[in-house]
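Chemist: Please find one structure pasted underneath; my questions will follow.
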Amino acid sequence: MNKLILAIPVALMLAAPAVSGEKIQLTEEQQAKLDKRLEGRTAGEPRSCISNNDQRQMTVISDDVLIFGSSRNAKTIYVNNPPGGCRNADRDILSYSRPTSSLCKGEIIQLIDNMSKMTMGSCAFGEFVPYTRNED
């Protein structure tokens with residue numbers, strides 16, 4: 001019995017990476033939109049926070065993929081995958097407040113219905129992965 005009690009938490013710990021590392025499923029249209037934005041760019045090391053300047057424009061690719069940059073043609077853009085996704089992020093208004101000038105992993109996003117303006121849920125930002133345009 002003691003072995004079983006110890007085995008359950010260990011099994012859960014081993015299963016956790018599989019759940020969090022699950023591949024994000026995008027539609028063909030979403031994948032094409034993401035591919036276009038990442039074309040000619042190289043991924044860098046994930047960051048916990050991005051500066052105020054890098055938050056100026058947010059693009060929602062899907063419930064699981066958000067892109068931030070200073071403009072549509074910014075040299076570096078940041079891809080964020082909210083842990084567990086952000087249900088209806090592509091349909092709702094995403095609202096977040098920044099206690100500092102940086103936007104960081106773990107900060108909460110409120111999802112607000114376009115019609116009723118009611119809060120419909122929330123999610124949190126994940127790490128920000130920089131994608132920098134390759135110099136020719």
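Note on naming: chains are A, B, ... as they come in the structure tokens, residues start from 1 per chain, ligands start from 1 in the order shown.
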Using only C-alpha atoms, which residues sit within 10 Å of Thr119 of chain A once same-chain residues fewer than 2 positions away are excluded, as a PyMOL selection string?

Modeler: chain A and resi 92-95+110-114+116-117+121-122

Chemist: Can you write out the residues you just picked, keeping C-alpha atoms, as a tab-separated table (two decimals), in the first residue's frame?

Modeler:
chain	number	residue	atom	x	y	z
A	92	ASP	CA	-13.11	38.38	-27.03
A	93	ILE	CA	-11.39	41.59	-26.00
A	94	LEU	CA	-8.17	40.88	-24.11
A	95	SER	CA	-7.55	43.26	-21.26
A	110	GLN	CA	-9.18	39.28	-18.62
A	111	LEU	CA	-11.38	38.08	-21.50
A	112	ILE	CA	-14.22	40.53	-22.14
A	113	ASP	CA	-17.20	39.74	-24.38
A	114	ASN	CA	-17.42	42.10	-27.38
A	116	SER	CA	-22.03	42.57	-23.44
A	117	LYS	CA	-18.65	43.94	-22.24
A	121	GLY	CA	-12.90	34.52	-17.98
A	122	SER	CA	-9.20	34.94	-17.55

Chemist: Could you pull out the strand (DSSP E) residues of chain A from DSSP and send them as an NGL selection string?

Modeler: :A and (41-43 or 49-50 or 57-62 or 65-69 or 76-80 or 93-95 or 103-104 or 108-112 or 119-124 or 128-133)

Chemist: Output C-alpha atoms for every residue in the selection just made, as a compact mmCIF listing (two decimals), in the first residue's frame.

Modeler:
# COMPACT_ATOMS: atom_id res chain seq x y z
CA ARG A 41 13.01 34.96 -38.09
CA THR A 42 15.00 32.91 -35.63
CA ALA A 43 13.78 31.98 -32.15
CA CYS A 49 9.11 39.80 -19.30
CA ILE A 50 9.00 42.17 -22.24
CA GLN A 57 0.82 45.69 -30.80
CA MET A 58 -0.72 42.33 -29.94
CA THR A 59 -1.95 39.84 -32.55
CA VAL A 60 -4.08 36.86 -31.57
CA ILE A 61 -3.26 33.85 -33.74
CA SER A 62 -5.34 31.40 -31.67
CA VAL A 65 -0.69 31.81 -29.51
CA LEU A 66 -0.35 35.57 -28.94
CA ILE A 67 2.24 37.74 -30.71
CA PHE A 68 3.60 41.02 -29.36
CA GLY A 69 5.77 43.62 -31.07
CA THR A 76 11.91 41.28 -33.00
CA ILE A 77 8.47 39.96 -32.10
CA TYR A 78 7.52 37.88 -29.07
CA VAL A 79 5.37 34.76 -29.16
CA ASN A 80 3.46 33.94 -25.99
CA ILE A 93 -11.39 41.59 -26.00
CA LEU A 94 -8.17 40.88 -24.11
CA SER A 95 -7.55 43.26 -21.26
CA LEU A 103 4.63 42.66 -19.13
CA CYS A 104 5.58 39.42 -17.41
CA ILE A 108 -3.51 37.86 -15.76
CA ILE A 109 -5.46 38.55 -18.96
CA GLN A 110 -9.18 39.28 -18.62
CA LEU A 111 -11.38 38.08 -21.50
CA ILE A 112 -14.22 40.53 -22.14
CA THR A 119 -15.76 39.56 -18.18
CA MET A 120 -16.02 36.03 -19.53
CA GLY A 121 -12.90 34.52 -17.98
CA SER A 122 -9.20 34.94 -17.55
CA CYS A 123 -5.87 33.32 -18.30
CA ALA A 124 -2.21 34.09 -17.65
CA PHE A 128 7.79 35.38 -24.20
CA VAL A 129 9.87 33.78 -26.96
CA PRO A 130 11.67 36.37 -29.11
CA TYR A 131 11.78 35.84 -32.87
CA THR A 132 14.30 38.14 -34.53
CA ARG A 133 14.40 38.89 -38.23

Chemist: From the DSSP assignment of the backbone, select every residue of chain A that is helix (DSSP H, G or I), and format the answer as a ChimeraX atom specification.

Modeler: /A:2-20,28-38,52-55

Chemist: Could you tell me which of A:Gln30, A:Ser71, A:Met115, A:Gln55 comes closest to Ser101 of chain A if we count only C-alpha atoms?

Modeler: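 For Ser101 of chain A, the nearest of the given residues is A:Gln55.
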
Chemist: Could you check how far atom CA of Thr27 of chain A sits from atom CA of Glu107 of chain A, in Å to one decimal?

Modeler: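 So the answer is 26.9 Å.
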
Chemist: Taking only C-alpha atoms into account, which of A:Asn52, A:Ser97, A:Ser102, A:Asn81 comes nearest Ile24 of chain A?

Modeler: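 Between A:Asn52, A:Ser97, A:Ser102, A:Asn81, the residue approaching Ile24 of chain A most closely is A:Asn81.
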
Chemist: May I ask for the distance between atom CA of Leu26 of chain A and atom CA of Asp64 of chain A, given in Å to one decimal place?

Modeler: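 These two atoms are separated by 8.6 Å.
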
Chemist: Calculate how many Å separate atom CA of Ala74 of chain A from atom CA of Asn134 of chain A, rounding to one decimal.

Modeler: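 Straight-line distance from atom CA of Ala74 of chain A to atom CA of Asn134 of chain A works out to 11.9 Å.
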